[in-house]
>>> print(open('data_24.cif').read())   # mmCIF, C-alpha atoms
data_data
loop_
_atom_site.label_atom_id
_atom_site.label_comp_id
_atom_site.auth_asym_id
_atom_site.auth_seq_id
_atom_site.Cartn_x
_atom_site.Cartn_y
_atom_site.Cartn_z
CA MET A 7 -11.71 96.19 41.64
CA GLU A 8 -9.83 94.16 39.17
CA LYS A 9 -7.52 91.50 40.65
CA THR A 10 -4.25 90.19 39.32
CA LYS A 11 -3.28 86.75 40.59
CA SER A 12 0.26 85.66 41.31
CA ARG A 13 0.80 81.97 40.66
CA LYS A 14 3.83 81.77 42.88
CA LEU A 15 2.26 83.47 45.92
CA ASN A 16 -1.33 82.42 45.29
CA ILE A 17 -2.51 85.82 46.51
CA SER A 18 -4.50 88.66 45.03
CA PHE A 19 -2.99 92.12 45.09
CA GLN A 20 -5.41 94.98 45.43
CA SER A 21 -4.50 98.61 45.55
CA ASP A 22 -6.44 101.74 46.24
CA ILE A 23 -3.30 103.81 45.89
CA GLU A 24 -3.93 104.80 42.29
CA LEU A 25 -7.47 105.40 41.14
CA ALA A 26 -8.82 106.54 37.83
CA GLU A 27 -8.43 110.22 37.09
CA PRO A 28 -12.16 111.05 37.21
CA THR A 29 -12.36 109.88 40.86
CA LYS A 30 -12.92 112.76 43.24
CA SER A 31 -11.38 113.07 46.66
CA LYS A 32 -13.66 112.38 49.59
CA ASP A 33 -13.07 115.90 50.72
CA THR A 34 -14.04 117.58 47.43
CA SER A 35 -17.46 118.71 48.56
CA THR A 36 -16.38 119.87 52.01
CA LYS A 37 -13.14 121.52 50.92
CA SER A 38 -14.26 123.24 47.73
CA ASP A 39 -15.03 126.54 49.47
CA ASN A 40 -11.74 126.63 51.30
CA GLY A 41 -9.72 125.99 48.16
CA SER A 42 -6.22 124.66 47.87
CA LYS A 43 -4.84 126.92 50.62
CA GLY A 44 -6.99 125.23 53.25
CA ARG A 45 -5.87 121.83 52.08
CA ILE A 46 -2.21 122.86 52.19
CA TRP A 47 -2.58 123.89 55.84
CA GLU A 48 -4.28 120.58 56.53
CA PHE A 49 -1.37 118.75 54.87
CA ILE A 50 1.11 120.71 56.99
CA ALA A 51 -0.78 119.83 60.17
CA LEU A 52 -0.66 116.14 59.25
CA ALA A 53 3.06 116.38 58.42
CA THR A 54 3.93 117.72 61.89
CA ILE A 55 2.85 114.44 63.52
CA PRO A 56 5.55 112.10 62.08
CA ILE A 57 8.21 114.74 62.72
CA VAL A 58 7.36 114.62 66.42
CA LEU A 59 7.61 110.84 66.36
CA VAL A 60 10.99 110.80 64.57
CA PHE A 61 12.44 113.37 66.98
CA GLY A 62 11.48 111.06 69.85
CA ASN A 63 14.41 108.73 69.12
CA SER A 64 16.78 110.19 66.56
CA MET A 65 17.26 113.48 68.43
CA LEU A 66 18.56 111.60 71.48
CA VAL A 67 21.13 109.44 69.67
CA PRO A 68 23.92 112.09 69.91
CA VAL A 69 23.06 112.61 73.59
CA LEU A 70 23.62 109.02 74.73
CA PRO A 71 27.42 109.09 75.25
CA VAL A 72 27.09 112.33 77.25
CA MET A 73 24.29 110.79 79.29
CA GLN A 74 26.53 107.82 80.11
CA ARG A 75 29.15 110.15 81.57
CA GLU A 76 26.73 112.47 83.39
CA LEU A 77 24.63 109.74 85.02
CA GLY A 78 27.42 107.19 85.41
CA ILE A 79 25.50 104.52 83.50
CA SER A 80 26.67 101.78 81.16
CA LYS A 81 26.45 101.67 77.38
CA PHE A 82 23.63 99.15 77.65
CA GLN A 83 21.67 101.34 80.08
CA SER A 84 21.97 104.35 77.79
CA SER A 85 20.78 102.26 74.84
CA LEU A 86 17.57 101.53 76.76
CA ILE A 87 16.67 105.24 76.45
CA ILE A 88 16.02 104.47 72.78
CA SER A 89 14.82 100.90 73.18
CA ILE A 90 12.21 101.37 75.91
CA PHE A 91 10.53 104.09 73.83
CA SER A 92 10.41 101.89 70.72
CA LEU A 93 9.42 98.77 72.66
CA ALA A 94 6.45 100.52 74.28
CA ALA A 95 5.37 101.96 70.93
CA GLY A 96 5.75 98.60 69.19
CA VAL A 97 3.65 96.78 71.79
CA PHE A 98 0.84 99.34 71.87
CA ILE A 99 0.52 100.29 68.17
CA PRO A 100 -1.94 97.46 67.34
CA VAL A 101 -4.04 98.29 70.43
CA ILE A 102 -4.06 102.02 69.71
CA GLY A 103 -4.78 101.28 66.04
CA TYR A 104 -7.88 99.32 67.00
CA LEU A 105 -9.05 102.06 69.40
CA SER A 106 -8.65 104.66 66.63
CA ASP A 107 -10.73 102.49 64.29
CA ARG A 108 -13.45 102.26 66.92
CA PHE A 109 -13.50 105.75 68.45
CA GLY A 110 -11.86 108.04 65.87
CA ARG A 111 -8.40 109.33 64.95
CA LYS A 112 -8.23 112.77 66.57
CA VAL A 113 -9.57 111.46 69.87
CA ILE A 114 -6.39 109.33 69.96
CA ILE A 115 -3.86 111.75 68.39
CA VAL A 116 -4.67 114.77 70.60
CA PRO A 117 -4.19 113.03 73.99
CA ALA A 118 -1.16 111.18 72.60
CA LEU A 119 0.60 114.46 71.76
CA ILE A 120 -0.23 115.88 75.21
CA ILE A 121 1.11 112.79 77.02
CA TYR A 122 4.17 112.71 74.73
CA GLY A 123 5.09 116.28 75.62
CA GLY A 124 4.31 115.86 79.33
CA ALA A 125 6.50 112.76 79.55
CA GLY A 126 9.32 114.77 77.94
CA ILE A 127 9.11 117.26 80.81
CA LEU A 128 9.16 114.38 83.31
CA ALA A 129 12.27 112.93 81.64
CA GLY A 130 13.94 116.34 81.79
CA PHE A 131 13.31 116.61 85.54
CA GLY A 132 14.54 113.04 85.93
CA ALA A 133 17.82 114.18 84.38
CA ILE A 134 18.00 117.17 86.72
CA TRP A 135 17.42 114.83 89.67
CA ASP A 136 20.08 112.41 88.32
CA SER A 137 17.40 109.73 88.33
CA TYR A 138 17.89 107.18 85.58
CA ALA A 139 14.75 105.35 86.76
CA VAL A 140 12.55 108.43 86.23
CA ILE A 141 14.00 108.96 82.74
CA ILE A 142 13.32 105.35 81.76
CA ALA A 143 9.76 105.51 83.11
CA ALA A 144 9.14 108.76 81.24
CA ARG A 145 10.52 107.30 78.02
CA ALA A 146 8.19 104.28 78.34
CA ILE A 147 5.24 106.67 78.70
CA GLN A 148 6.46 108.60 75.66
CA GLY A 149 6.64 105.38 73.66
CA LEU A 150 3.08 104.48 74.57
CA ALA A 151 1.96 107.94 73.43
CA ALA A 152 4.04 107.63 70.25
CA ALA A 153 1.84 104.70 69.22
CA GLY A 154 -0.98 107.22 68.84
CA THR A 155 0.88 109.65 66.58
CA ALA A 156 2.29 108.86 63.12
CA PRO A 157 0.66 105.42 62.59
CA ILE A 158 -2.76 106.94 63.33
CA ALA A 159 -1.99 109.98 61.17
CA MET A 160 -1.51 107.67 58.17
CA ALA A 161 -4.90 106.09 58.86
CA LEU A 162 -6.41 109.58 59.14
CA VAL A 163 -5.08 110.43 55.67
CA GLY A 164 -6.97 107.40 54.35
CA ASP A 165 -10.13 108.70 56.02
CA LEU A 166 -9.78 112.21 54.63
CA TYR A 167 -8.69 111.63 51.05
CA ASP A 168 -8.82 109.35 48.03
CA GLY A 169 -6.85 109.03 44.81
CA GLY A 170 -4.27 111.65 43.91
CA THR A 171 -4.97 113.74 47.01
CA GLU A 172 -4.27 110.76 49.24
CA ARG A 173 -1.01 110.09 47.41
CA LYS A 174 0.06 113.72 47.85
CA ALA A 175 -0.74 113.67 51.57
CA LEU A 176 1.08 110.37 52.15
CA GLY A 177 4.04 111.64 50.12
CA LEU A 178 4.24 114.75 52.29
CA ILE A 179 4.10 112.66 55.47
CA GLU A 180 6.91 110.43 54.17
CA ALA A 181 8.95 113.51 53.21
CA SER A 182 8.46 115.07 56.66
CA ASN A 183 9.46 111.76 58.23
CA GLY A 184 12.67 111.76 56.18
CA THR A 185 13.39 115.41 56.90
CA GLY A 186 12.97 114.74 60.61
CA LYS A 187 15.40 111.81 60.42
CA VAL A 188 18.10 114.00 58.86
CA LEU A 189 17.59 117.06 61.06
CA SER A 190 17.06 115.32 64.40
CA PRO A 191 20.68 114.29 65.16
CA ILE A 192 21.84 117.79 64.21
CA ILE A 193 19.21 119.42 66.43
CA GLY A 194 20.06 117.00 69.23
CA SER A 195 23.76 117.90 68.95
CA LEU A 196 22.93 121.61 69.08
CA LEU A 197 20.74 121.20 72.15
CA VAL A 198 23.55 119.33 73.97
CA LEU A 199 25.58 122.55 73.75
CA ILE A 200 23.00 124.20 76.03
CA VAL A 201 22.72 121.38 78.55
CA TRP A 202 22.82 117.63 77.94
CA TYR A 203 19.15 117.07 78.85
CA ALA A 204 17.79 120.00 76.80
CA SER A 205 16.33 117.58 74.22
CA PHE A 206 13.86 116.26 76.80
CA PHE A 207 12.48 119.75 77.35
CA ALA A 208 12.35 120.37 73.59
CA PHE A 209 9.78 117.59 73.10
CA PRO A 210 6.88 119.58 74.63
CA VAL A 211 7.59 122.50 72.29
CA PHE A 212 7.36 120.33 69.17
CA CYS A 213 4.32 118.53 70.57
CA ALA A 214 2.53 121.81 71.37
CA LEU A 215 3.00 123.08 67.81
CA SER A 216 1.72 119.82 66.35
CA LEU A 217 -1.17 119.71 68.84
CA LEU A 218 -2.40 123.19 67.89
CA ALA A 219 -2.15 122.34 64.20
CA VAL A 220 -4.13 119.10 64.61
CA ILE A 221 -6.87 120.70 66.75
CA PHE A 222 -7.48 123.77 64.59
CA LEU A 223 -6.53 122.72 61.06
CA ILE A 224 -7.86 119.16 60.71
CA LYS A 225 -11.56 118.28 60.60
CA GLU A 226 -12.05 114.54 60.91
CA PRO A 227 -14.93 112.92 59.00
CA LYS A 228 -17.46 110.92 60.99
CA GLN A 229 -16.90 107.17 61.17
CA ASN A 230 -19.94 105.08 60.31
CA GLU A 231 -18.58 101.61 61.08
CA LYS A 232 -17.63 100.46 64.56
CA ASN A 233 -15.28 97.48 64.45
CA GLU A 234 -15.89 94.77 67.02
CA LEU A 235 -12.76 93.26 68.54
CA SER A 236 -13.69 89.66 67.71
CA LYS A 237 -14.28 90.50 64.05
CA TYR A 238 -11.12 92.60 64.02
CA ILE A 239 -8.97 89.68 65.22
CA LYS A 240 -10.76 87.23 62.92
CA LYS A 241 -9.95 89.36 59.88
CA ILE A 242 -6.26 89.49 60.83
CA GLY A 243 -6.16 85.70 61.14
CA GLN A 244 -7.82 85.26 57.76
CA ILE A 245 -5.34 87.59 56.03
CA PHE A 246 -2.35 85.75 57.49
CA ARG A 247 -3.76 82.37 56.52
CA GLU A 248 -4.04 83.54 52.93
CA LYS A 249 -0.91 85.70 52.61
CA GLY A 250 1.16 85.00 55.71
CA LYS A 251 4.18 83.45 54.00
CA TRP A 252 5.20 86.60 52.15
CA LEU A 253 3.68 89.07 54.64
CA ILE A 254 5.75 87.71 57.55
CA THR A 255 8.86 87.84 55.35
CA ALA A 256 8.07 91.48 54.47
CA PHE A 257 7.48 92.34 58.13
CA PHE A 258 10.82 90.79 59.14
CA ALA A 259 12.70 92.56 56.34
CA GLY A 260 11.28 95.96 57.33
CA SER A 261 12.09 95.35 60.98
CA LEU A 262 15.65 94.27 60.12
CA GLY A 263 16.24 97.42 58.06
CA LEU A 264 15.46 99.66 61.02
CA PHE A 265 17.26 97.37 63.48
CA ILE A 266 20.46 97.85 61.47
CA LEU A 267 19.89 101.58 60.88
CA PHE A 268 19.43 102.51 64.55
CA GLY A 269 22.07 100.03 65.67
CA VAL A 270 24.57 101.66 63.33
CA LEU A 271 23.63 105.15 64.56
CA PHE A 272 24.16 104.00 68.17
CA TYR A 273 27.51 102.47 67.21
CA LEU A 274 28.66 105.64 65.41
CA SER A 275 27.47 107.93 68.21
CA ASN A 276 29.68 106.06 70.68
CA ILE A 277 32.86 105.58 68.63
CA LEU A 278 33.00 109.12 67.19
CA GLU A 279 33.65 110.66 70.61
CA GLU A 280 36.45 108.19 71.36
CA LYS A 281 40.08 108.30 70.25
CA PRO A 282 41.38 108.73 67.59
CA TYR A 283 38.31 110.58 66.19
CA ASN A 284 37.29 112.88 69.08
CA ILE A 285 34.30 114.16 67.13
CA ASP A 286 31.47 115.60 69.21
CA GLY A 287 28.94 118.42 69.22
CA VAL A 288 27.39 119.61 65.98
CA MET A 289 30.08 117.93 63.88
CA LYS A 290 29.03 114.56 65.29
CA GLY A 291 25.41 115.36 64.48
CA LEU A 292 26.38 116.13 60.89
CA VAL A 293 28.31 112.85 60.59
CA LEU A 294 25.34 110.89 61.97
CA ALA A 295 23.09 112.62 59.43
CA ILE A 296 25.12 111.31 56.46
CA PRO A 297 23.77 107.71 56.46
CA LEU A 298 20.29 109.03 57.22
CA LEU A 299 20.47 111.45 54.31
CA GLY A 300 21.48 108.62 51.98
CA MET A 301 18.48 106.59 53.11
CA VAL A 302 16.01 109.48 52.92
CA ILE A 303 16.99 110.57 49.38
CA THR A 304 16.94 106.98 48.14
CA SER A 305 13.63 106.25 49.86
CA TYR A 306 11.97 109.34 48.40
CA THR A 307 13.28 108.59 44.90
CA THR A 308 12.29 104.92 45.12
CA GLY A 309 8.79 105.79 46.28
CA SER A 310 8.39 108.11 43.29
CA LEU A 311 9.60 105.53 40.77
CA ILE A 312 7.98 102.25 41.75
CA LYS A 313 4.28 103.20 41.55
CA LYS A 314 2.52 99.84 40.83
CA ASN A 315 5.44 98.14 39.08
CA GLY A 316 5.79 94.82 40.92
CA LYS A 317 8.71 93.67 38.79
CA LEU A 318 10.69 96.82 39.59
CA MET A 319 9.87 96.45 43.30
CA ARG A 320 11.27 92.93 43.33
CA TRP A 321 14.49 94.08 41.66
CA LEU A 322 14.93 97.03 44.03
CA MET A 323 14.22 95.00 47.18
CA ASN A 324 16.84 92.43 46.26
CA ILE A 325 19.36 95.05 45.11
CA GLY A 326 18.85 96.90 48.40
CA LEU A 327 19.52 93.78 50.45
CA VAL A 328 22.58 92.91 48.33
CA ALA A 329 23.92 96.43 48.94
CA MET A 330 23.32 96.06 52.68
CA THR A 331 24.98 92.64 52.84
CA LEU A 332 28.08 93.57 50.84
CA SER A 333 28.65 97.00 52.41
CA LEU A 334 28.22 95.72 55.97
CA ALA A 335 30.59 92.81 55.27
CA ALA A 336 33.14 95.20 53.71
CA THR A 337 33.22 97.34 56.89
CA LEU A 338 35.18 94.52 58.55
CA PHE A 339 38.20 95.57 56.47
CA PHE A 340 37.83 99.32 57.06
CA LEU A 341 36.96 99.68 60.75
CA LYS A 342 39.91 102.01 61.28
CA ASN A 343 39.40 104.16 58.18
CA ILE A 344 36.58 106.46 59.25
CA TYR A 345 35.95 107.93 55.79
CA VAL A 346 35.56 104.60 54.00
CA PHE A 347 33.73 103.19 57.01
CA ILE A 348 31.04 105.92 56.98
CA GLY A 349 30.83 105.63 53.20
CA LEU A 350 30.07 101.90 53.50
CA LEU A 351 27.47 102.53 56.21
CA THR A 352 25.87 105.08 53.92
CA VAL A 353 25.70 102.46 51.15
CA SER A 354 23.95 100.17 53.60
CA SER A 355 21.47 102.94 54.41
CA ILE A 356 20.88 103.48 50.69
CA GLY A 357 20.07 99.77 50.48
CA THR A 358 17.52 100.29 53.27
CA GLY A 359 16.11 103.21 51.28
CA LEU A 360 15.58 100.87 48.32
CA LEU A 361 13.96 98.19 50.47
CA LEU A 362 11.47 100.00 52.72
CA PRO A 363 9.33 101.89 50.15
CA CYS A 364 8.88 98.68 48.16
CA LEU A 365 7.78 96.79 51.26
CA ASN A 366 5.38 99.60 52.21
CA THR A 367 3.78 99.56 48.76
CA MET A 368 3.64 95.77 48.65
CA ILE A 369 1.92 95.55 52.02
CA THR A 370 -0.62 98.32 51.40
CA GLY A 371 -1.23 97.27 47.80
CA ALA A 372 -1.95 93.65 48.71
CA ILE A 373 -4.53 94.41 51.39
CA GLN A 374 -8.00 95.84 50.88
CA LYS A 375 -8.40 99.35 52.21
CA SER A 376 -10.95 98.27 54.83
CA GLU A 377 -8.37 95.86 56.31
CA ARG A 378 -5.24 97.90 55.72
CA GLY A 379 -5.24 99.65 59.10
CA MET A 380 -4.87 96.36 60.96
CA ILE A 381 -1.99 95.07 58.86
CA THR A 382 -0.08 98.36 58.74
CA SER A 383 -0.43 98.62 62.54
CA LEU A 384 1.22 95.23 62.94
CA TYR A 385 3.88 96.15 60.40
CA ASN A 386 4.66 99.44 62.20
CA SER A 387 4.71 97.57 65.49
CA LEU A 388 7.42 95.18 64.26
CA ARG A 389 9.40 98.07 62.78
CA PHE A 390 9.42 99.73 66.21
CA LEU A 391 10.54 96.49 67.81
CA GLY A 392 13.41 96.41 65.31
CA VAL A 393 14.41 99.92 66.43
CA ALA A 394 14.09 98.83 70.07
CA ALA A 395 16.40 95.84 69.58
CA GLY A 396 19.11 97.73 67.66
CA PRO A 397 20.92 99.86 70.29
CA PRO A 398 21.09 97.30 73.16
CA LEU A 399 22.16 94.41 70.91
CA PHE A 400 24.73 96.57 69.14
CA GLY A 401 25.97 97.80 72.54
CA TRP A 402 26.29 94.23 73.80
CA MET A 403 28.18 93.15 70.66
CA MET A 404 30.42 96.23 70.81
CA ASP A 405 31.57 95.16 74.27
CA LYS A 406 32.60 91.80 72.75
CA SER A 407 34.24 93.10 69.56
CA ASP A 408 33.55 95.48 66.69
CA SER A 409 34.00 92.63 64.22
CA LEU A 410 31.17 90.69 65.86
CA VAL A 411 28.80 93.60 65.19
CA PHE A 412 29.31 93.60 61.46
CA ILE A 413 29.66 89.84 61.01
CA THR A 414 26.25 89.46 62.68
CA VAL A 415 24.42 92.12 60.67
CA SER A 416 26.00 90.90 57.42
CA ILE A 417 24.72 87.36 58.07
CA LEU A 418 21.27 88.68 59.00
CA SER A 419 21.13 90.75 55.80
CA LEU A 420 22.19 87.77 53.69
CA GLY A 421 19.58 85.53 55.31
CA THR A 422 16.87 88.14 54.74
CA LEU A 423 17.97 88.47 51.11
CA CYS A 424 17.41 84.73 50.62
CA PHE A 425 13.95 84.84 52.20
CA VAL A 426 12.88 87.89 50.20
CA PHE A 427 14.25 86.46 46.96
CA PHE A 428 12.38 83.17 47.29
CA LEU A 429 9.20 84.20 49.13
CA ILE A 430 8.27 87.68 47.90
CA LYS A 431 7.43 87.52 44.20
CA PRO A 432 4.84 90.14 43.29
CA PRO A 433 3.10 90.05 39.92
CA PRO A 434 4.54 92.34 37.20
CA GLN A 435 1.85 94.91 37.94
CA ILE A 436 0.28 95.43 41.36
CA ASP A 437 -3.28 96.40 40.50
#
>>> encode(input="data_24.cif", output="structure tokens")
Amino acid sequence: MEKTKSRKLNISFQSDIELAEPTKSKDTSTKSDNGSKGRIWEFIALATIPIVLVFGNSMLVPVLPVMQRELGISKFQSSLIISIFSLAAGVFIPVIGYLSDRFGRKVIIVPALIIYGGAGILAGFGAIWDSYAVIIAARAIQGLAAAGTAPIAMALVGDLYDGGTERKALGLIEASNGTGKVLSPIIGSLLVLIVWYASFFAFPVFCALSLLAVIFLIKEPKQNEKNELSKYIKKIGQIFREKGKWLITAFFAGSLGLFILFGVLFYLSNILEEKPYNIDGVMKGLVLAIPLLGMVITSYTTGSLIKKNGKLMRWLMNIGLVAMTLSLAATLFFLKNIYVFIGLLTVSSIGTGLLLPCLNTMITGAIQKSERGMITSLYNSLRFLGVAAGPPLFGWMMDKSDSLVFITVSILSLGTLCFVFFLIKPPPQID
């Protein structure tokens, strides 16, 4: 494949995302008899997996203040319900990614969905027993299982398809991810009306639907190559020696975006139920969905526009970080005006929506397809760690002062803007 060299980064960008029109999908011969309907059902089955993952955290955000009251726990302890899940997922994603490369995708995804749902039931009984320890343990198990869901589904798409079909499948997965982000706080708020721990028992239902779809609608191709661990680690080291300067910057920027997003959601979920707002129930879920909706729409639009345009990616990444920095800094002056405050947080989320698709495309486009699974696993791992850090650190800062929260994230956004501006300079065309 043709390579385009960047003088400033001294790296070669390679992309399998867009192939020539005559290229056939890998699945052309095996799917031709089933036609487009069979492929659509396969796409739907794949799309259910990231929805389950997104629900794992976002659906519980509206529940946390209620959980604090019902279990008599602190703000920090309730934040760990989100963080322990993301921490476990972040730690195990590279390990699970390697196992899926070696033994297959479905052999990882199917047990992961079963464990995910079973741990949801355990967390629900922990709530009934008023046992915070059982809930935390169950959430850690869920996080471990989550490492075998959406990240592996993206690798499975790469196994199943090439060219335009692969782009369509990845686009659908990204759209389902975004849809889940918007709907999950609303669904979580509705379930609270039944009983505060109903969300835990809802997980097995979503997992069962996804599990059936994966088992019966997806046929995984056989894997010919078995990756040895020593070679696997050696390849990672080689990639970071060649491209580490900008890759590490990209990893940090992606992690920061989700750190701020979930930290802000945790912050909003707590203050909305307090005076003078007194917003709870479904209305709170709708308010929490506003910043998420801004991010999802922007992310989807950005992903459609950027294609292989490296120059446009650079502009959008920096614009996104500028929007995050300025809007988060401006919140310091509007902490008591809820309408302007939520508007500014939505602008910050829009900035995240500009940033993340560009980073995703940069990272996948710069790495050969045979090595992409390793790098994207590490990237997803750091993103999860960003989510894990958000709620507890925001909770700790909230106990100090609201101003400290937004001074800190503004400075972090500004620092990341400087790193991205000087260290990530893709060529005009990523090819």
>>> resolve_selection(input="data_24.cif", expression="the PyMOL selection byres ((chain A and resi 141-145) around 7)", output="VMD selection string")
chain A and resid 87 90 to 91 125 to 126 128 to 129 132 to 133 137 to 140 146 to 149
>>> atom_distance(input="data_24.cif", atom1="CA of Lys81 (chain A)", atom2="CA of Tyr385 (chain A)")
28.8 Å
>>> residues_around(input="data_24.cif", residues="Gly194 (chain A)", least_positions_apart="6", cutoff="12 Å", atoms="all atoms listed in the file", output="PyMOL selection string")
chain A and resi 60-70+72+186-188+200-209+275+286-292+294-295
>>> atom_distance(input="data_24.cif", atom1="CA of Asn343 (chain A)", atom2="CA of Ile296 (chain A)")
16.1 Å
>>> closest_residue(input="data_24.cif", among="A:Gly154, A:Pro434, A:Gly269, A:Gly359", to="Trp402 (chain A)", atoms="all atoms listed in the file")
A:Gly269
>>> atom_distance(input="data_24.cif", atom1="CA of Leu365 (chain A)", atom2="CA of Arg320 (chain A)")
9.5 Å
>>> closest_residue(input="data_24.cif", among="A:Leu150, A:Leu341, A:Leu189, A:Ile245", to="Ile121 (chain A)", atoms="all atoms listed in the file")
A:Leu150
>>> resolve_selection(input="data_24.cif", expression="the PyMOL selection byres ((chain A and resi 182) around 12)", output="number ranges by chain")
A: 49-61, 156, 175-181, 183-190, 302, 306
>>> residues_around(input="data_24.cif", residues="region 248-255 of chain A", least_positions_apart="2", cutoff="7 Å", atoms="all atoms listed in the file", output="list in words")
Ile17, Gln244, Ile245, Phe246, Phe257, Phe258, Ala259, Phe425, Val426, Leu429 and Ile430 of chain A
>>> closest_residue(input="data_24.cif", among="A:Pro227, A:Tyr283, A:Val411, A:Phe427", to="Asn324 (chain A)", atoms="all atoms listed in the file")
A:Phe427
>>> closest_residue(input="data_24.cif", among="A:Met404, A:Leu360, A:Leu197, A:Val116", to="Phe222 (chain A)", atoms="all atoms listed in the file")
A:Val116
>>> decode(input="data_24.cif", residues="region 202-219 of chain A", atoms="N, CA and C atoms", output="PDB file, in the first residue's frame")
ATOM      1  N   TRP A 202     -34.987   1.594  43.071  1.00  0.00           N
ATOM      2  CA  TRP A 202     -33.723   2.241  42.745  1.00  0.00           C
ATOM      3  C   TRP A 202     -32.696   1.286  42.157  1.00  0.00           C
ATOM      4  N   TYR A 203     -32.783  -0.007  42.476  1.00  0.00           N
ATOM      5  CA  TYR A 203     -31.801  -0.961  41.963  1.00  0.00           C
ATOM      6  C   TYR A 203     -32.303  -1.728  40.730  1.00  0.00           C
ATOM      7  N   ALA A 204     -33.388  -1.267  40.116  1.00  0.00           N
ATOM      8  CA  ALA A 204     -33.946  -1.973  38.953  1.00  0.00           C
ATOM      9  C   ALA A 204     -32.952  -2.045  37.796  1.00  0.00           C
ATOM     10  N   SER A 205     -32.075  -1.041  37.672  1.00  0.00           N
ATOM     11  CA  SER A 205     -31.106  -1.040  36.562  1.00  0.00           C
ATOM     12  C   SER A 205     -30.195  -2.261  36.607  1.00  0.00           C
ATOM     13  N   PHE A 206     -29.843  -2.714  37.816  1.00  0.00           N
ATOM     14  CA  PHE A 206     -28.980  -3.890  37.925  1.00  0.00           C
ATOM     15  C   PHE A 206     -29.653  -5.115  37.312  1.00  0.00           C
ATOM     16  N   PHE A 207     -30.943  -5.262  37.560  1.00  0.00           N
ATOM     17  CA  PHE A 207     -31.670  -6.412  37.028  1.00  0.00           C
ATOM     18  C   PHE A 207     -32.021  -6.237  35.547  1.00  0.00           C
ATOM     19  N   ALA A 208     -31.883  -5.030  35.035  1.00  0.00           N
ATOM     20  CA  ALA A 208     -32.126  -4.809  33.604  1.00  0.00           C
ATOM     21  C   ALA A 208     -30.948  -5.290  32.759  1.00  0.00           C
ATOM     22  N   PHE A 209     -29.743  -5.285  33.331  1.00  0.00           N
ATOM     23  CA  PHE A 209     -28.565  -5.715  32.569  1.00  0.00           C
ATOM     24  C   PHE A 209     -28.723  -7.104  31.964  1.00  0.00           C
ATOM     25  N   PRO A 210     -29.182  -8.120  32.732  1.00  0.00           N
ATOM     26  CA  PRO A 210     -29.304  -9.450  32.147  1.00  0.00           C
ATOM     27  C   PRO A 210     -30.251  -9.508  30.954  1.00  0.00           C
ATOM     28  N   VAL A 211     -31.281  -8.675  30.962  1.00  0.00           N
ATOM     29  CA  VAL A 211     -32.228  -8.659  29.840  1.00  0.00           C
ATOM     30  C   VAL A 211     -31.531  -8.182  28.570  1.00  0.00           C
ATOM     31  N   PHE A 212     -30.801  -7.063  28.667  1.00  0.00           N
ATOM     32  CA  PHE A 212     -30.085  -6.550  27.497  1.00  0.00           C
ATOM     33  C   PHE A 212     -29.002  -7.536  27.043  1.00  0.00           C
ATOM     34  N   CYS A 213     -28.324  -8.142  28.012  1.00  0.00           N
ATOM     35  CA  CYS A 213     -27.268  -9.103  27.677  1.00  0.00           C
ATOM     36  C   CYS A 213     -27.841 -10.333  26.984  1.00  0.00           C
ATOM     37  N   ALA A 214     -28.998 -10.812  27.456  1.00  0.00           N
ATOM     38  CA  ALA A 214     -29.613 -12.006  26.858  1.00  0.00           C
ATOM     39  C   ALA A 214     -29.991 -11.752  25.402  1.00  0.00           C
ATOM     40  N   LEU A 215     -30.549 -10.577  25.123  1.00  0.00           N
ATOM     41  CA  LEU A 215     -30.914 -10.242  23.739  1.00  0.00           C
ATOM     42  C   LEU A 215     -29.675 -10.195  22.850  1.00  0.00           C
ATOM     43  N   SER A 216     -28.622  -9.552  23.343  1.00  0.00           N
ATOM     44  CA  SER A 216     -27.386  -9.470  22.574  1.00  0.00           C
ATOM     45  C   SER A 216     -26.760 -10.852  22.395  1.00  0.00           C
ATOM     46  N   LEU A 217     -26.790 -11.654  23.448  1.00  0.00           N
ATOM     47  CA  LEU A 217     -26.210 -12.999  23.407  1.00  0.00           C
ATOM     48  C   LEU A 217     -26.879 -13.854  22.334  1.00  0.00           C
ATOM     49  N   LEU A 218     -28.196 -13.855  22.298  1.00  0.00           N
ATOM     50  CA  LEU A 218     -28.922 -14.638  21.296  1.00  0.00           C
ATOM     51  C   LEU A 218     -28.586 -14.163  19.884  1.00  0.00           C
ATOM     52  N   ALA A 219     -28.497 -12.846  19.728  1.00  0.00           N
ATOM     53  CA  ALA A 219     -28.178 -12.292  18.410  1.00  0.00           C
ATOM     54  C   ALA A 219     -26.780 -12.717  17.957  1.00  0.00           C
TER      55      ALA A 219
END
